[in-house]
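A quick write-up on the structure given underneath.
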Amino acid sequence: MKAKDARSLSSQAQEQLRMRAVEAIGQGLGPTEVGKLFGVSRAAVHNWINRRRLGGKRALRAGRRGRPKSPRLSGQQRALVVRTIVGRCPDQMRLPFALWTREAVGQLLERDFGVSVSVWTVGRYLRSWGMTPQKPLRRAYEQDPVAVRRWLSQEYPAIAARAKREGAQIHWGDEMGLRSDHQTGTSWGRKGQTPVIPGTGKRFRCNMISTVTNRGRLAFMIFAERFNATVFLRFLKRLIRLVHRKILLILDRHSVHLSAQANRWLARHRRQIELFFLPSYSPALNPDELLNQDVKSNALGRRRPQNLVEMTNDLRTYLRSTQRRPDIVKSYFHETHVRYAA
């Protein structure tokens, strides 16, 4: 018959087992013999011997099992930890981490409150505090918070009011480069054996300029040459032909957007289109960035184009299908950091 696991015994039975095992050691039996006699491991016997040596018989007595009745962190301490995680980065708290991982939070608890817990316990704490692991947004150190607040509270509301007053259409624009070796997502494979995805060793690239509106409209242009004022104006001319209303186009402060050539052309077409500029280093305020992420992840990152023609065809096909789905374009404006533009 299989011996009963000592871990399934009651606390009192375990206490008696420990006492009897240590007494047997005192009578001259070795740890291996005692382990076989009482059905426990030799490591457990050594552990009990050390506990008796350091703390006497009291160290072998049964203690309370399970989680402690009172939490190890007070309500004030929990609130302080949450505020720290939400408002600060680990390196600002002089911790050797860039992100708030379970290990980073564990070190914070031990250093500031003397509470040492496992990473699994830290994970349970974080979930109970309403926190989840997320991919953080990147914010440049050079971003001016005052300019961002002014944009959200004054500048963009003024643009929106003007568009309504003049019957104009607000477009959000951006440019990005696309490379053939860009890859996103994961692929299943055997543990310890990284999957190998075949593809061409050649690298080729193209560029994209696009605009989106909160009404679900998308305009784009794929081009192979370097982005300059000539390319930019070519796209603006297409956009004017496509949209039969005045356009208020919101862009970042790229040097091409501010170039003299662009300014001269825009001065002649002021009745058709005007440019407005986001605060510097603030891509998160631009809904068109969500289109860029969508294209990189789904039109390029999950495919393996063999040449530039195939890559540009894949991109155009994906973007044209997105044009036919205004609901998808509108969904870009549902993200928290661009919801103000919805």
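Here, A, B, ... name the chains of the structure tokens in the order displayed, residue numbers run from 1 inside each chain, and ligands are numbered from 1 in the same displayed order.
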Using only C-alpha atoms, which residues sit within 10 Å of range 79-92 of chain A once same-chain residues fewer than 3 positions away are excluded, as a PyMOL selection string? chain A and resi 73-76+95-101+104-105+108-109+112+126+129-131
To test your reading of the structure, identify every residue in range 10-218 of chain A that backbone DSSP assigns to helix (DSSP H, G or I), and report it as a PyMOL selection string. chain A and resi 11-26+31-38+42-55+57-60+75-87+90-93+102-113+119-128+145-166
Spatial neighbours of Asn313 in chain A, max dist 12 Å, only C-alpha atoms, sep filter under 3 positions, as an NGL selection string: :A and (206 or 222-223 or 299-300 or 303 or 305-310 or 316-320)
Could you save the residues just selected, with C-alpha atoms, as a short mmCIF file (atom, residue, chain, number, x, y, z; two decimals), in the first residue's frame?
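As a result, result_8.cif now contains:
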```cif
data_model
loop_
_atom_site.label_atom_id
_atom_site.label_comp_id
_atom_site.auth_asym_id
_atom_site.auth_seq_id
_atom_site.Cartn_x
_atom_site.Cartn_y
_atom_site.Cartn_z
CA CYS A 206 9.17 51.88 -49.52
CA ILE A 222 2.87 54.59 -51.48
CA PHE A 223 6.18 55.82 -52.92
CA ALA A 299 -0.04 44.25 -43.96
CA LEU A 300 3.72 43.80 -43.62
CA ARG A 303 3.75 38.47 -44.64
CA PRO A 305 7.22 39.69 -49.69
CA GLN A 306 9.83 38.45 -52.14
CA ASN A 307 10.44 41.80 -53.85
CA LEU A 308 9.49 45.46 -53.76
CA VAL A 309 6.64 45.09 -56.24
CA GLU A 310 5.04 42.36 -54.15
CA ARG A 316 -2.05 48.84 -51.42
CA THR A 317 -4.41 45.88 -51.21
CA TYR A 318 -4.56 46.10 -47.43
CA LEU A 319 -5.04 49.87 -47.41
CA ARG A 320 -7.76 49.76 -50.06
#
```
Distance query Arg217 in chain A at most 7 Å, only C-alpha atoms, self and fewer than 2 positions along chain excluded, as a compact mmCIF listing (two decimals) with C-alpha atoms, in the first residue's frame:
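Once written, out11.txt looks like this:
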```txt
# COMPACT_ATOMS: atom_id res chain seq x y z
CA VAL A 212 -7.43 59.66 -41.62
CA THR A 213 -10.58 61.37 -40.35
CA ARG A 215 -15.61 59.96 -39.96
CA ALA A 219 -6.28 58.57 -48.03
CA GLN A 323 -10.70 52.30 -47.06
CA PRO A 326 -14.86 53.15 -42.33
CA VAL A 329 -10.69 53.79 -39.45
```
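Nearest residue to Ala260 in chain A, choosing from A:Asn214, A:Gln134, A:Asn228, A:Ser10 and counting only C-alpha atoms: A:Asn228.
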Can you pull out the residues contacting Leu152 in chain A? Cut-off 12 Å, using only C-alpha atoms, and skip same-chain residues under 4 positions away; I want them as a PyMOL selection string. chain A and resi 145-148+156-160+278-279+282+285-286+337-341
